Amino acid sequence: MQIKKHDRSHMVELGDGSAWRIWPSDIPKTLEWLPTTEIEVADIDDEICSHALIDRSNGSQVRVISASENWPAAAVRRSLRQG
């Protein structure tokens, strides 16, 4: 599916209407996305992020949560401490 809206670097809305909050360290990977970029959504097993958005042209992935959710503060702090 294609990107419907990506006007804020940390948020993306896809053609199916789903909206995602991008993990901060993964944002640079999204800077090359175009409205025509084909994105696949996949469930992932991660302590913080529930899904990954996969750029079908090159296989790169960004970790995401639903745009309606907030990052779990304790888990984020742990992740940042670990590098």
# chains A, B, ... in the order shown; residues from 1 in each chain; ligands from 1

$ select_by_dssp --residues "chain A" --states "strand (DSSP E)" --output "list in words"
Ile3, Lys4, Lys5, Met11, Val12, Glu13, Leu14, Ala19, Trp20, Arg21, Ile22, Ile39, Glu40, Val41, Ala42, Asp43, His51, Ala52, Leu53, Ile54, Asp55, Gln61, Val62, Arg63, Val64, Ile65 and Ser66 of chain A

$ residues_around --residues "region 17-34 of chain A" --least-positions-apart "6" --cutoff "6 Å" --atoms "only C-alpha atoms" --output "VMD selection string"
chain A and resid 10 to 11 62 to 67

$ write_last_selection --atoms "C-alpha atoms" --output "PDB file, in the first residue's frame"
ATOM      1  CA  HIS A  10       7.427  10.923  13.173  1.00  0.00           C
ATOM      2  CA  MET A  11       3.962  10.049  11.807  1.00  0.00           C
ATOM      3  CA  VAL A  62      11.008   1.123  10.584  1.00  0.00           C
ATOM      4  CA  ARG A  63       9.494   0.206  13.934  1.00  0.00           C
ATOM      5  CA  VAL A  64       6.117   1.739  14.761  1.00  0.00           C
ATOM      6  CA  ILE A  65       3.149   1.804  17.084  1.00  0.00           C
ATOM      7  CA  SER A  66      -0.365   2.937  16.306  1.00  0.00           C
ATOM      8  CA  ALA A  67      -0.615   6.729  16.084  1.00  0.00           C
TER       9      ALA A  67
END

$ atom_distance --atom1 "CA of Ile39 (chain A)" --atom2 "CA of Asp55 (chain A)"
4.9 Å
